[in-house]
$ cat query_23.pdb   # PDB, C-alpha atoms
ATOM      1  CA  MET N  25      50.846  30.413  47.357
ATOM      2  CA  ALA N  26      54.303  31.797  46.660
ATOM      3  CA  PHE N  27      57.156  29.587  47.832
ATOM      4  CA  SER N  28      58.815  32.562  49.535
ATOM      5  CA  GLU N  29      55.851  32.783  51.938
ATOM      6  CA  LEU N  30      56.852  29.392  53.348
ATOM      7  CA  PHE N  31      59.560  31.098  55.406
ATOM      8  CA  GLY N  32      57.431  34.094  56.358
ATOM      9  CA  PRO N  33      56.541  34.967  59.958
ATOM     10  CA  MET N  34      53.198  33.161  59.779
ATOM     11  CA  PHE N  35      54.682  29.760  58.919
ATOM     12  CA  ARG N  36      58.119  30.007  60.534
ATOM     13  CA  LEU N  37      56.880  28.960  63.972
ATOM     14  CA  PRO N  38      55.018  25.813  62.812
ATOM     15  CA  LEU N  39      57.972  24.875  60.587
ATOM     16  CA  VAL N  40      60.451  24.967  63.478
ATOM     17  CA  THR N  41      58.061  23.254  65.908
ATOM     18  CA  GLY N  42      57.465  20.364  63.535
ATOM     19  CA  MET N  43      61.136  20.104  62.634
ATOM     20  CA  ILE N  44      62.073  19.581  66.282
ATOM     21  CA  LEU N  45      59.463  16.836  66.635
ATOM     22  CA  ALA N  46      60.584  15.262  63.354
ATOM     23  CA  ALA N  47      64.092  14.967  64.765
ATOM     24  CA  VAL N  48      63.021  13.536  68.141
ATOM     25  CA  LEU N  49      60.228  11.080  67.290
ATOM     26  CA  PRO N  50      62.328   8.816  65.018
ATOM     27  CA  LEU N  51      64.854   8.406  67.845
ATOM     28  CA  LEU N  52      62.098   7.209  70.157
ATOM     29  CA  GLY N  53      60.867   4.998  67.346
ATOM     30  CA  MET N  54      64.231   3.244  67.148
ATOM     31  CA  TYR N  55      63.960   2.018  70.729
ATOM     32  CA  LEU N  56      60.297   1.077  70.358
ATOM     33  CA  ARG N  57      61.263  -0.946  67.287
ATOM     34  CA  LEU N  58      64.202  -2.476  69.156
ATOM     35  CA  ARG N  59      61.753  -3.744  71.777
ATOM     36  CA  GLU N  60      59.177  -4.715  69.110
ATOM     37  CA  GLU N  61      56.678  -2.338  70.699
ATOM     38  CA  TRP N  62      56.072   0.070  67.832
ATOM     39  CA  LEU N  63      52.313  -0.494  68.075
ATOM     40  CA  ALA N  64      52.478   1.093  71.520
ATOM     41  CA  ALA N  65      53.351   4.372  69.772
ATOM     42  CA  LEU N  66      50.018   4.405  67.950
ATOM     43  CA  ALA N  67      48.199   3.543  71.182
ATOM     44  CA  PHE N  68      49.925   6.419  73.014
ATOM     45  CA  ALA N  69      49.074   8.837  70.193
ATOM     46  CA  GLN N  70      45.426   7.794  70.107
ATOM     47  CA  VAL N  71      45.059   8.043  73.886
ATOM     48  CA  ALA N  72      46.790  11.438  73.780
ATOM     49  CA  ALA N  73      44.229  12.637  71.231
ATOM     50  CA  ALA N  74      41.389  11.596  73.537
ATOM     51  CA  GLY N  75      43.125  13.309  76.456
ATOM     52  CA  SER N  76      43.608  16.472  74.443
ATOM     53  CA  LEU N  77      39.894  16.620  73.643
ATOM     54  CA  GLY N  78      39.006  15.845  77.243
ATOM     55  CA  GLY N  79      41.264  18.657  78.453
ATOM     56  CA  ALA N  80      39.624  21.137  76.087
ATOM     57  CA  ILE N  81      36.148  20.093  77.264
ATOM     58  CA  LEU N  82      37.148  20.485  80.928
ATOM     59  CA  GLY N  83      38.604  23.914  80.276
ATOM     60  CA  ILE N  84      42.259  23.025  80.789
ATOM     61  CA  SER N  85      45.131  23.035  78.329
ATOM     62  CA  SER N  86      44.773  20.408  75.614
ATOM     63  CA  GLN N  87      48.493  19.638  75.971
ATOM     64  CA  VAL N  88      48.033  18.957  79.685
ATOM     65  CA  GLY N  89      45.151  16.609  78.917
ATOM     66  CA  ALA N  90      47.179  14.802  76.268
ATOM     67  CA  LEU N  91      50.202  14.436  78.551
ATOM     68  CA  THR N  92      48.114  13.212  81.472
ATOM     69  CA  CYS N  93      46.360  10.480  79.499
ATOM     70  CA  SER N  94      49.391   9.297  77.518
ATOM     71  CA  CYS N  95      51.652   9.195  80.591
ATOM     72  CA  THR N  96      48.966   7.284  82.499
ATOM     73  CA  ALA N  97      48.888   4.763  79.659
ATOM     74  CA  ALA N  98      52.691   4.579  79.808
ATOM     75  CA  ALA N  99      52.598   3.936  83.548
ATOM     76  CA  LEU N 100      50.149   1.075  82.962
ATOM     77  CA  LYS N 101      52.085  -0.242  79.993
ATOM     78  CA  GLY N 102      53.950  -2.801  82.084
ATOM     79  CA  TYR N 103      50.634  -4.575  82.685
ATOM     80  CA  ILE N 104      49.320  -3.956  79.167
ATOM     81  CA  ALA N 105      52.507  -5.407  77.669
ATOM     82  CA  LYS N 106      51.727  -8.802  79.190
ATOM     83  CA  ALA N 107      49.004  -9.120  76.552
ATOM     84  CA  GLY N 108      51.491  -8.179  73.816
ATOM     85  CA  ASN N 109      50.183  -6.287  70.805
ATOM     86  CA  ASN N 110      46.638  -7.265  71.817
ATOM     87  CA  GLY N 111      46.888  -4.903  74.782
ATOM     88  CA  TYR N 112      48.184  -2.027  72.665
ATOM     89  CA  ALA N 113      45.483  -2.582  70.068
ATOM     90  CA  LEU N 114      42.801  -2.558  72.772
ATOM     91  CA  LEU N 115      44.194   0.663  74.243
ATOM     92  CA  MET N 116      44.249   2.208  70.771
ATOM     93  CA  ILE N 117      40.627   1.429  69.907
ATOM     94  CA  VAL N 118      39.401   2.563  73.342
ATOM     95  CA  GLY N 119      41.208   5.883  72.826
ATOM     96  CA  TRP N 120      39.700   6.218  69.374
ATOM     97  CA  ALA N 121      36.184   5.464  70.659
ATOM     98  CA  ALA N 122      36.505   7.995  73.483
ATOM     99  CA  ALA N 123      37.697  10.677  71.056
ATOM    100  CA  ILE N 124      34.863  10.048  68.595
ATOM    101  CA  LEU N 125      32.234  10.136  71.362
ATOM    102  CA  MET N 126      33.549  13.469  72.603
ATOM    103  CA  LEU N 127      33.560  14.867  69.073
ATOM    104  CA  SER N 128      30.000  13.695  68.513
ATOM    105  CA  ASN N 129      28.524  15.015  71.742
ATOM    106  CA  VAL N 130      30.505  18.148  72.611
ATOM    107  CA  PRO N 131      30.507  20.847  69.893
ATOM    108  CA  ILE N 132      33.434  22.719  71.479
ATOM    109  CA  ALA N 133      35.715  19.760  70.730
ATOM    110  CA  GLU N 134      34.966  19.667  67.004
ATOM    111  CA  HIS N 135      37.589  22.207  65.861
ATOM    112  CA  LEU N 136      40.326  20.646  67.981
ATOM    113  CA  GLY N 137      39.295  17.206  66.758
ATOM    114  CA  HIS N 138      39.895  18.203  63.150
ATOM    115  CA  ALA N 139      43.338  19.509  64.077
ATOM    116  CA  LEU N 140      44.200  16.284  65.912
ATOM    117  CA  PHE N 141      43.142  13.962  63.115
ATOM    118  CA  ASP N 142      44.014  16.166  60.124
ATOM    119  CA  GLY N 143      47.332  17.327  61.569
ATOM    120  CA  GLN N 144      46.837  21.073  61.189
ATOM    121  CA  LEU N 145      50.385  22.049  62.095
ATOM    122  CA  TYR N 146      49.916  25.585  60.766
ATOM    123  CA  PHE N 147      47.757  26.526  63.769
ATOM    124  CA  THR N 148      50.391  25.747  66.389
ATOM    125  CA  GLY N 149      51.570  28.549  68.677
ATOM    126  CA  TYR N 150      54.459  29.436  70.951
ATOM    127  CA  ASP N 151      53.240  27.027  73.621
ATOM    128  CA  HIS N 152      53.677  24.127  71.182
ATOM    129  CA  LEU N 153      57.178  25.343  70.298
ATOM    130  CA  LEU N 154      58.232  25.680  73.942
ATOM    131  CA  LEU N 155      56.949  22.196  74.742
ATOM    132  CA  ALA N 156      58.735  20.769  71.688
ATOM    133  CA  VAL N 157      61.986  22.389  72.847
ATOM    134  CA  ALA N 158      61.421  20.955  76.328
ATOM    135  CA  VAL N 159      60.951  17.463  74.898
ATOM    136  CA  LEU N 160      64.106  17.867  72.796
ATOM    137  CA  ALA N 161      66.099  18.882  75.876
ATOM    138  CA  ILE N 162      64.763  16.007  77.982
ATOM    139  CA  VAL N 163      65.443  13.459  75.230
ATOM    140  CA  ALA N 164      68.963  14.851  74.731
ATOM    141  CA  VAL N 165      69.696  14.354  78.430
ATOM    142  CA  ALA N 166      67.759  11.168  79.214
ATOM    143  CA  LEU N 167      68.153   9.049  76.083
ATOM    144  CA  PRO N 168      71.956   8.615  76.249
ATOM    145  CA  TRP N 169      71.541   7.432  79.850
ATOM    146  CA  LEU N 170      68.723   5.054  78.936
ATOM    147  CA  SER N 171      70.174   3.814  75.652
ATOM    148  CA  ARG N 172      72.855   1.503  77.015
ATOM    149  CA  LYS N 173      70.481  -0.005  79.557
ATOM    150  CA  LEU N 174      67.694  -0.611  77.024
ATOM    151  CA  ILE N 175      70.056  -2.207  74.485
ATOM    152  CA  LEU N 176      71.765  -4.336  77.144
ATOM    153  CA  GLU N 177      68.446  -5.582  78.524
ATOM    154  CA  GLN N 178      67.177  -6.420  75.043
ATOM    155  CA  MET N 179      70.324  -8.094  73.701
ATOM    156  CA  PHE N 180      71.719  -9.720  76.849
ATOM    157  CA  PRO N 181      68.811 -10.169  79.282
ATOM    158  CA  ASP N 182      70.610 -12.735  81.447
ATOM    159  CA  PHE N 183      73.636 -10.485  81.923
ATOM    160  CA  PHE N 184      71.314  -7.543  82.608
ATOM    161  CA  ARG N 185      69.528  -9.449  85.392
ATOM    162  CA  ALA N 186      72.821 -10.730  86.809
ATOM    163  CA  SER N 187      74.016  -7.123  87.101
ATOM    164  CA  GLY N 188      71.169  -6.419  89.517
ATOM    165  CA  LEU N 189      69.618  -3.749  87.303
ATOM    166  CA  SER N 190      65.897  -3.055  87.355
ATOM    167  CA  ALA N 191      64.403  -3.467  83.881
ATOM    168  CA  ARG N 192      61.072  -2.119  85.095
ATOM    169  CA  LYS N 193      62.623   1.200  86.140
ATOM    170  CA  PHE N 194      64.306   1.766  82.789
ATOM    171  CA  HIS N 195      61.265   0.623  80.836
ATOM    172  CA  LEU N 196      59.021   2.993  82.762
ATOM    173  CA  SER N 197      61.429   5.898  82.287
ATOM    174  CA  PHE N 198      61.577   5.359  78.536
ATOM    175  CA  ASP N 199      57.835   4.745  78.218
ATOM    176  CA  LEU N 200      57.093   8.050  79.970
ATOM    177  CA  LEU N 201      59.570   9.773  77.657
ATOM    178  CA  ALA N 202      57.998   8.228  74.545
ATOM    179  CA  ALA N 203      54.461   8.943  75.736
ATOM    180  CA  SER N 204      55.312  12.593  76.439
ATOM    181  CA  GLY N 205      56.895  13.081  73.029
ATOM    182  CA  LEU N 206      53.969  11.460  71.252
ATOM    183  CA  ALA N 207      51.404  13.417  73.277
ATOM    184  CA  LEU N 208      52.930  16.761  72.346
ATOM    185  CA  ALA N 209      53.466  15.692  68.737
ATOM    186  CA  THR N 210      49.849  14.559  68.463
ATOM    187  CA  ALA N 211      48.696  18.000  69.585
ATOM    188  CA  SER N 212      50.821  19.570  66.832
ATOM    189  CA  ILE N 213      50.909  17.240  63.832
ATOM    190  CA  GLY N 214      48.030  14.852  64.494
ATOM    191  CA  VAL N 215      47.685  11.227  65.489
ATOM    192  CA  MET N 216      48.848   9.514  62.308
ATOM    193  CA  GLY N 217      51.486  12.121  61.546
ATOM    194  CA  ALA N 218      53.096  11.551  64.953
ATOM    195  CA  PHE N 219      52.909   7.781  64.573
ATOM    196  CA  GLY N 220      54.297   7.980  61.038
ATOM    197  CA  LEU N 221      57.370   9.858  62.253
ATOM    198  CA  VAL N 222      57.949   7.183  64.889
ATOM    199  CA  PHE N 223      57.371   4.257  62.546
ATOM    200  CA  VAL N 224      58.764   5.033  59.076
ATOM    201  CA  PRO N 225      62.182   6.667  59.695
ATOM    202  CA  SER N 226      63.082   3.954  62.203
ATOM    203  CA  MET N 227      62.070   1.297  59.654
ATOM    204  CA  ILE N 228      64.311   2.902  57.037
ATOM    205  CA  ALA N 229      67.215   3.242  59.485
ATOM    206  CA  TYR N 230      66.932  -0.392  60.576
ATOM    207  CA  ARG N 231      67.451  -1.478  56.967
ATOM    208  CA  ILE N 232      70.388   0.719  55.994
ATOM    209  CA  GLY N 233      72.153   1.606  59.247
ATOM    210  CA  GLN N 234      75.526  -0.085  59.643
ATOM    211  CA  SER N 235      75.630   0.439  63.409
ATOM    212  CA  TRP N 236      73.231   1.543  66.119
ATOM    213  CA  LYS N 237      74.652   5.061  66.289
ATOM    214  CA  GLN N 238      74.564   5.403  62.519
ATOM    215  CA  ALA N 239      70.994   4.133  62.450
ATOM    216  CA  LEU N 240      69.985   6.785  65.001
ATOM    217  CA  VAL N 241      71.483   9.487  62.782
ATOM    218  CA  VAL N 242      69.746   8.064  59.695
ATOM    219  CA  ALA N 243      66.399   7.868  61.505
ATOM    220  CA  SER N 244      66.514  11.424  62.818
ATOM    221  CA  GLY N 245      67.938  12.855  59.590
ATOM    222  CA  SER N 246      65.413  11.116  57.349
ATOM    223  CA  GLY N 247      62.594  12.218  59.658
ATOM    224  CA  VAL N 248      63.605  15.872  59.336
ATOM    225  CA  CYS N 249      64.122  15.661  55.559
ATOM    226  CA  LEU N 250      60.789  13.960  54.884
ATOM    227  CA  TYR N 251      59.030  16.367  57.221
ATOM    228  CA  CYS N 252      60.426  19.357  55.297
ATOM    229  CA  VAL N 253      59.296  17.857  51.980
ATOM    230  CA  ALA N 254      55.803  17.235  53.371
ATOM    231  CA  PHE N 255      55.598  20.717  54.877
ATOM    232  CA  ALA N 256      56.484  22.338  51.562
ATOM    233  CA  CYS N 257      54.079  20.131  49.574
ATOM    234  CA  ALA N 258      51.174  20.713  51.966
ATOM    235  CA  PHE N 259      51.836  24.460  51.886
ATOM    236  CA  LEU N 260      52.107  24.753  48.114
ATOM    237  CA  LEU N 261      49.131  22.467  47.427
ATOM    238  CA  ASP N 262      47.045  24.009  50.227
ATOM    239  CA  GLN N 263      46.313  20.625  51.818
ATOM    240  CA  PRO N 264      46.036  19.401  55.433
ATOM    241  CA  PHE N 265      49.512  18.688  56.734
ATOM    242  CA  GLY N 266      48.887  15.321  58.427
ATOM    243  CA  PRO N 267      47.770  13.324  55.365
ATOM    244  CA  VAL N 268      50.521  14.858  53.210
ATOM    245  CA  LEU N 269      53.130  13.889  55.807
ATOM    246  CA  VAL N 270      51.828  10.314  55.982
ATOM    247  CA  ILE N 271      51.812  10.002  52.171
ATOM    248  CA  THR N 272      55.356  11.380  51.998
ATOM    249  CA  LEU N 273      56.583   8.953  54.644
ATOM    250  CA  SER N 274      54.807   6.021  52.967
ATOM    251  CA  ALA N 275      56.244   6.922  49.552
ATOM    252  CA  ALA N 276      59.751   7.121  50.996
ATOM    253  CA  ALA N 277      59.368   3.737  52.691
ATOM    254  CA  THR N 278      58.068   2.139  49.477
ATOM    255  CA  LEU N 279      60.777   3.636  47.280
ATOM    256  CA  GLY N 280      63.430   2.637  49.791
ATOM    257  CA  TYR N 281      62.167  -0.945  49.857
ATOM    258  CA  VAL N 282      62.136  -1.178  46.053
ATOM    259  CA  ALA N 283      65.634   0.322  45.834
ATOM    260  CA  LEU N 284      67.003  -2.186  48.348
ATOM    261  CA  ARG N 285      65.379  -5.090  46.486
ATOM    262  CA  LEU N 286      66.879  -3.951  43.183
ATOM    263  CA  TYR N 287      70.288  -3.474  44.805
ATOM    264  CA  ALA N 288      70.152  -6.971  46.292
ATOM    265  CA  ARG N 289      69.538  -8.420  42.811
ATOM    266  CA  GLU N 290      72.496  -6.681  41.186
ATOM    267  CA  PRO N 291      75.283  -9.141  40.307
ATOM    268  CA  ARG N 292      78.485  -8.685  42.252
ATOM    269  CA  ALA N 293      81.756  -8.323  40.379
TER     270      ALA N 293
END

$ encode --input "query_23.pdb" --output "structure tokens"
Amino acid sequence: MAFSELFGPMFRLPLVTGMILAAVLPLLGMYLRLREEWLAALAFAQVAAAGSLGGAILGISSQVGALTCSCTAAALKGYIAKAGNNGYALLMIVGWAAAILMLSNVPIAEHLGHALFDGQLYFTGYDHLLLAVAVLAIVAVALPWLSRKLILEQMFPDFFRASGLSARKFHLSFDLLAASGLALATASIGVMGAFGLVFVPSMIAYRIGQSWKQALVVASGSGVCLYCVAFACAFLLDQPFGPVLVITLSAAATLGYVALRLYAREPRA
């Protein structure tokens, strides 16, 4: 395919939709990593995939199904978190099993299943774009309000409790925000693509960010840059977007780790 076609009308909509998600998901990933709950992101994405398939089978919007299931998981997360990563892992494998059973027994879910697990971003429509814009707007409004509370509760839990603040309220608000973003991203870029954008840019930012605000900028910026590289590579090589995105993110994380190790070994003057 000609490179100029990448910016044509057919691919412009998926490009913008994915770019918005690539900017938002790493920000959510920073707070999940702060709370050492990054595995919850994969559980939310997997449950969202099952909900998306269930919605399609029931004749309702796949996005509504994904949002319903992922937000339900987020609402229950306070109880699941008591089991630590074991609870998230259990939620993840149950979501995977439900999705596979639906794919195996309901033919109508097969096409959507490929899109969810392959990350076929090119087939997204205006509804995906509008929902991505809605998530961006909600994150832009809610995250600054939540940020201080989440950081304070994590870094100074005694002071947070002495202030009379409710950790449960703020946790639930953020969990619903993260679950919504992951549900909509899963419907657009697939399960592992959505998780990769939560996990890898935040990992990179944690290593090189000099402050929390700088790390947020690095996470979001690296997410967008790596997404654009993956989008172009998948388009030019005519490959499914999801695996190409995951490979791009993994390569960036590996190269970044090697570069930091080599820098740490350099003698100082």

$ closest_residue --input "query_23.pdb" --among "N:Ala47, N:Ala218, N:Leu196, N:Ile175" --to "N:Ala73" --atoms "only C-alpha atoms"
N:Ala218

$ residues_around --input "query_23.pdb" --residues "N:Tyr150" --least-positions-apart "6" --cutoff "10 Å" --atoms "only C-alpha atoms" --output "list in words"
Leu37, Pro38, Thr41 and Ala156 of chain N

$ closest_residue --input "query_23.pdb" --among "N:Leu63, N:Leu160, N:Met216, N:Val268" --to "N:Ala113" --atoms "all atoms listed in the file"
N:Leu63

$ closest_residue --input "query_23.pdb" --among "N:Gln234, N:Ser86, N:Gln178, N:Thr272" --to "N:Val248" --atoms "only C-alpha atoms"
N:Thr272

$ resolve_selection --input "query_23.pdb" --expression "the PyMOL selection byres ((chain N and resi 87-91) around 7)" --output "tab-separated table (two decimals) with C-alpha atoms, in the frame of the given file"
chain	number	residue	atom	x	y	z
N	72	ALA	CA	46.79	11.44	73.78
N	73	ALA	CA	44.23	12.64	71.23
N	75	GLY	CA	43.12	13.31	76.46
N	76	SER	CA	43.61	16.47	74.44
N	78	GLY	CA	39.01	15.84	77.24
N	79	GLY	CA	41.26	18.66	78.45
N	85	SER	CA	45.13	23.04	78.33
N	86	SER	CA	44.77	20.41	75.61
N	92	THR	CA	48.11	13.21	81.47
N	93	CYS	CA	46.36	10.48	79.50
N	94	SER	CA	49.39	9.30	77.52
N	95	CYS	CA	51.65	9.20	80.59
N	204	SER	CA	55.31	12.59	76.44
N	207	ALA	CA	51.40	13.42	73.28
N	208	LEU	CA	52.93	16.76	72.35
N	211	ALA	CA	48.70	18.00	69.58

$ closest_residue --input "query_23.pdb" --among "N:Thr148, N:Thr210, N:Ser246, N:Thr96" --to "N:Leu77" --atoms "only C-alpha atoms"
N:Thr210

$ resolve_selection --input "query_23.pdb" --expression "the PyMOL selection byres ((chain N and resi 225) around 8)" --output "PDB file with C-alpha atoms, keeping the file's coordinate frame"
ATOM      1  CA  PRO N  50      62.328   8.816  65.018  1.00  0.00           C
ATOM      2  CA  GLY N  53      60.867   4.998  67.346  1.00  0.00           C
ATOM      3  CA  LEU N 221      57.370   9.858  62.253  1.00  0.00           C
ATOM      4  CA  VAL N 222      57.949   7.183  64.889  1.00  0.00           C
ATOM      5  CA  PHE N 223      57.371   4.257  62.546  1.00  0.00           C
ATOM      6  CA  VAL N 224      58.764   5.033  59.076  1.00  0.00           C
ATOM      7  CA  SER N 226      63.082   3.954  62.203  1.00  0.00           C
ATOM      8  CA  MET N 227      62.070   1.297  59.654  1.00  0.00           C
ATOM      9  CA  ILE N 228      64.311   2.902  57.037  1.00  0.00           C
ATOM     10  CA  ALA N 229      67.215   3.242  59.485  1.00  0.00           C
ATOM     11  CA  VAL N 242      69.746   8.064  59.695  1.00  0.00           C
ATOM     12  CA  ALA N 243      66.399   7.868  61.505  1.00  0.00           C
ATOM     13  CA  SER N 244      66.514  11.424  62.818  1.00  0.00           C
ATOM     14  CA  SER N 246      65.413  11.116  57.349  1.00  0.00           C
ATOM     15  CA  GLY N 247      62.594  12.218  59.658  1.00  0.00           C
ATOM     16  CA  LEU N 273      56.583   8.953  54.644  1.00  0.00           C
TER      17      LEU N 273
END

$ closest_residue --input "query_23.pdb" --among "N:Arg36, N:Lys101, N:His152, N:Arg172" --to "N:Ile213" --atoms "only C-alpha atoms"
N:His152

$ resolve_selection --input "query_23.pdb" --expression "the PyMOL selection byres ((chain N and resi 157) around 12)" --output "number ranges by chain"
N: 40-48, 150-156, 158-164, 205, 208-209

$ atom_distance --input "query_23.pdb" --atom1 "atom CA of N:Gly245" --atom2 "atom CA of N:Ala203"
21.4 Å

$ closest_residue --input "query_23.pdb" --among "N:Ala202, N:Leu127, N:Leu140, N:Ile84" --to "N:Pro267" --atoms "all atoms listed in the file"
N:Leu140

$ atom_distance --input "query_23.pdb" --atom1 "atom CA of N:Met54" --atom2 "atom CA of N:Ala69"
16.4 Å

$ atom_distance --input "query_23.pdb" --atom1 "atom CA of N:Arg57" --atom2 "atom CA of N:Tyr230"
8.8 Å
